[in-house]
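K.L.:
Dropping the structure in here first, questions after.
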Amino acid sequence: MRIAALILLVIGVGYLGYMLLYNPVKEVAVVAQGDVLKDTLPDGSVVTINKGSLISYPSRFKKSTRQVVLKGEAFFNVRPNKEKPFVVLVRGLQITVVGTSFNVKNENGNIEVIVETGIVRVSKGETIYELKANEKLLLNSKDSVMEREKVSDHLYQYYRTKEFVCDETPLWKLVQVINEAYHSNVVIGNPALKEMRITTTFHNESLDQLLNVISITFNIKVVKEGNSIILQ
């Protein structure tokens with residue numbers, strides 16, 4: 001029995017050494033250039049990466065944590081594991097979860113975290129926020145102030161669902177997302193239109209179709225001038 005146990009121990013150590021030597025942990029980088037990408041992480045969690053964004057992670061997660069680095073925007077659907085927290089690092093911000101779904105956006109130095117399900121802990125230095133479903137946290141790059149708010153719409157889902165879901169959404173916010181999605185330059189020419197509200201859902205329409213609905217809804221003109229589209 002002792003000899004058998006010793007043999008098993010030697011085999012186990014040898015196998016571990018082989019794995020470390022011939023199957024080392026590598027850094028994986030996934031870049032979404034022209035299209036939105038969906039990637040499955042080593043733990044089975046699924047991430048949807050918006051165009052122009054990048055995530056990097058080890059080919060095998062460590063025993064104590066599952067760490068991912070994000071540049072740009074991505075939606076994470078994390079597989080639960082209380083023994084091994086899931087951590088997203090984005091420009092000095094640490095987002096920690098056990099198992100949940102949430103969206104992270106880092107643009108022009110500003111960071112937005114939106115929780116769809118579960119609970120997410122966001123920390124920067126000694127400042128810690130705990131977010132629940134339908135809550136979001138905004139970090140302003142200018143003054144580094146973090147603000148927690150209720151999620152008022154689901155426009156952030158557009159790159160995953162191909163839908164623009166508006167629920168009493170101000171026109172300025174819809175226009176902002178339209179420009180992100182279509183790489184367009186839609187401008188609100190009349191300031192009085194900015195806070196006008198719209199409630200509807202656009203299902204993968206073209207930019208022209210979408211602008212036509214906005215024009216009819218608010219009884220306004222859509223004027224094209226060079227590379228700009230002006231609502232007036």
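For the structure tokens, the naming scheme is as follows: chains receive sequential letters (A, B, ...) according to their order of presentation, residues are indexed from 1 within each chain, and ligands are indexed from 1 in presentation order.
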For range 89-101 of chain A, please output as a ChimeraX atom specification all residues within 7 Å (counting only C-alpha atoms; exclusion window: fewer than 6 positions along the same chain).
P.N.:
/A:68-71,76-82,115-124
K.L.:
Mind dumping the selected residues with N, CA and C atoms as a compact mmCIF listing (two decimals), in the first residue's frame?
P.N.:
```txt
# COMPACT_ATOMS: atom_id res chain seq x y z
N VAL A 68 -10.20 39.71 -15.47
CA VAL A 68 -10.29 40.11 -16.87
C VAL A 68 -10.00 41.61 -16.97
N VAL A 69 -9.29 42.03 -17.99
CA VAL A 69 -9.02 43.45 -18.24
C VAL A 69 -9.83 43.89 -19.44
N LEU A 70 -10.52 45.04 -19.32
CA LEU A 70 -11.38 45.54 -20.39
C LEU A 70 -10.94 46.92 -20.86
N LYS A 71 -10.98 47.09 -22.18
CA LYS A 71 -10.83 48.41 -22.80
C LYS A 71 -12.01 48.58 -23.74
N PHE A 76 -21.05 41.24 -19.50
CA PHE A 76 -20.57 40.00 -18.90
C PHE A 76 -21.73 39.22 -18.29
N ASN A 77 -21.83 37.94 -18.65
CA ASN A 77 -22.77 37.02 -18.02
C ASN A 77 -21.92 35.99 -17.29
N VAL A 78 -21.76 36.21 -15.97
CA VAL A 78 -20.75 35.48 -15.19
C VAL A 78 -21.32 34.20 -14.58
N ARG A 79 -20.58 33.11 -14.74
CA ARG A 79 -20.97 31.84 -14.11
C ARG A 79 -20.69 31.92 -12.62
N PRO A 80 -21.67 31.59 -11.77
CA PRO A 80 -21.49 31.69 -10.32
C PRO A 80 -20.37 30.80 -9.79
N ASN A 81 -19.57 31.34 -8.87
CA ASN A 81 -18.53 30.59 -8.17
C ASN A 81 -18.10 31.39 -6.95
N LYS A 82 -18.71 31.10 -5.79
CA LYS A 82 -18.43 31.84 -4.58
C LYS A 82 -16.99 31.67 -4.11
N VAL A 115 -25.87 47.18 -13.82
CA VAL A 115 -26.14 45.82 -13.35
C VAL A 115 -27.50 45.36 -13.87
N GLU A 116 -27.50 44.23 -14.56
CA GLU A 116 -28.74 43.68 -15.10
C GLU A 116 -29.36 42.66 -14.13
N THR A 117 -28.52 41.80 -13.56
CA THR A 117 -28.98 40.84 -12.56
C THR A 117 -27.91 40.69 -11.48
N GLY A 118 -28.35 40.32 -10.25
CA GLY A 118 -27.40 40.06 -9.18
C GLY A 118 -26.88 41.32 -8.52
N ILE A 119 -25.71 41.19 -7.90
CA ILE A 119 -25.07 42.29 -7.17
C ILE A 119 -23.62 42.43 -7.65
N VAL A 120 -23.18 43.67 -7.81
CA VAL A 120 -21.83 43.97 -8.27
C VAL A 120 -21.18 44.95 -7.30
N ARG A 121 -19.92 44.68 -6.94
CA ARG A 121 -19.17 45.60 -6.06
C ARG A 121 -18.14 46.34 -6.91
N VAL A 122 -18.21 47.67 -6.87
CA VAL A 122 -17.29 48.51 -7.64
C VAL A 122 -16.42 49.28 -6.67
N SER A 123 -15.11 49.22 -6.86
CA SER A 123 -14.19 49.89 -5.94
C SER A 123 -13.12 50.67 -6.70
N LYS A 124 -12.77 51.81 -6.15
CA LYS A 124 -11.67 52.63 -6.65
C LYS A 124 -10.93 53.16 -5.43
```
K.L.:
Enumerate, as a PyMOL selection string, the complete set of residues in range 40-178 of chain A that a backbone-based DSSP assignment places in strand (DSSP E).
P.N.:
chain A and resi 40+46-49+53-58+66-71+73-77+86-90+93-97+101-107+110-117+120-124+127-131+135-139+146-150+163-170
K.L.:
When you look at range 32-44 of chain A with a cut-off of 12 Å (counting only C-alpha atoms), what residues show up, excluding the ones that are within fewer than 3 positions of it in the same chain? I need them as a ChimeraX atom specification.
P.N.:
/A:25-29,47-63,65-68,70-81,84-86,98-99,158-162,181-183
K.L.:
Would you please give, as a PyMOL selection string, all residues of range 111-192 of chain A that DSSP assigns to alpha helix (DSSP H) based on the backbone?
P.N.:
chain A and resi 158-161+171-182
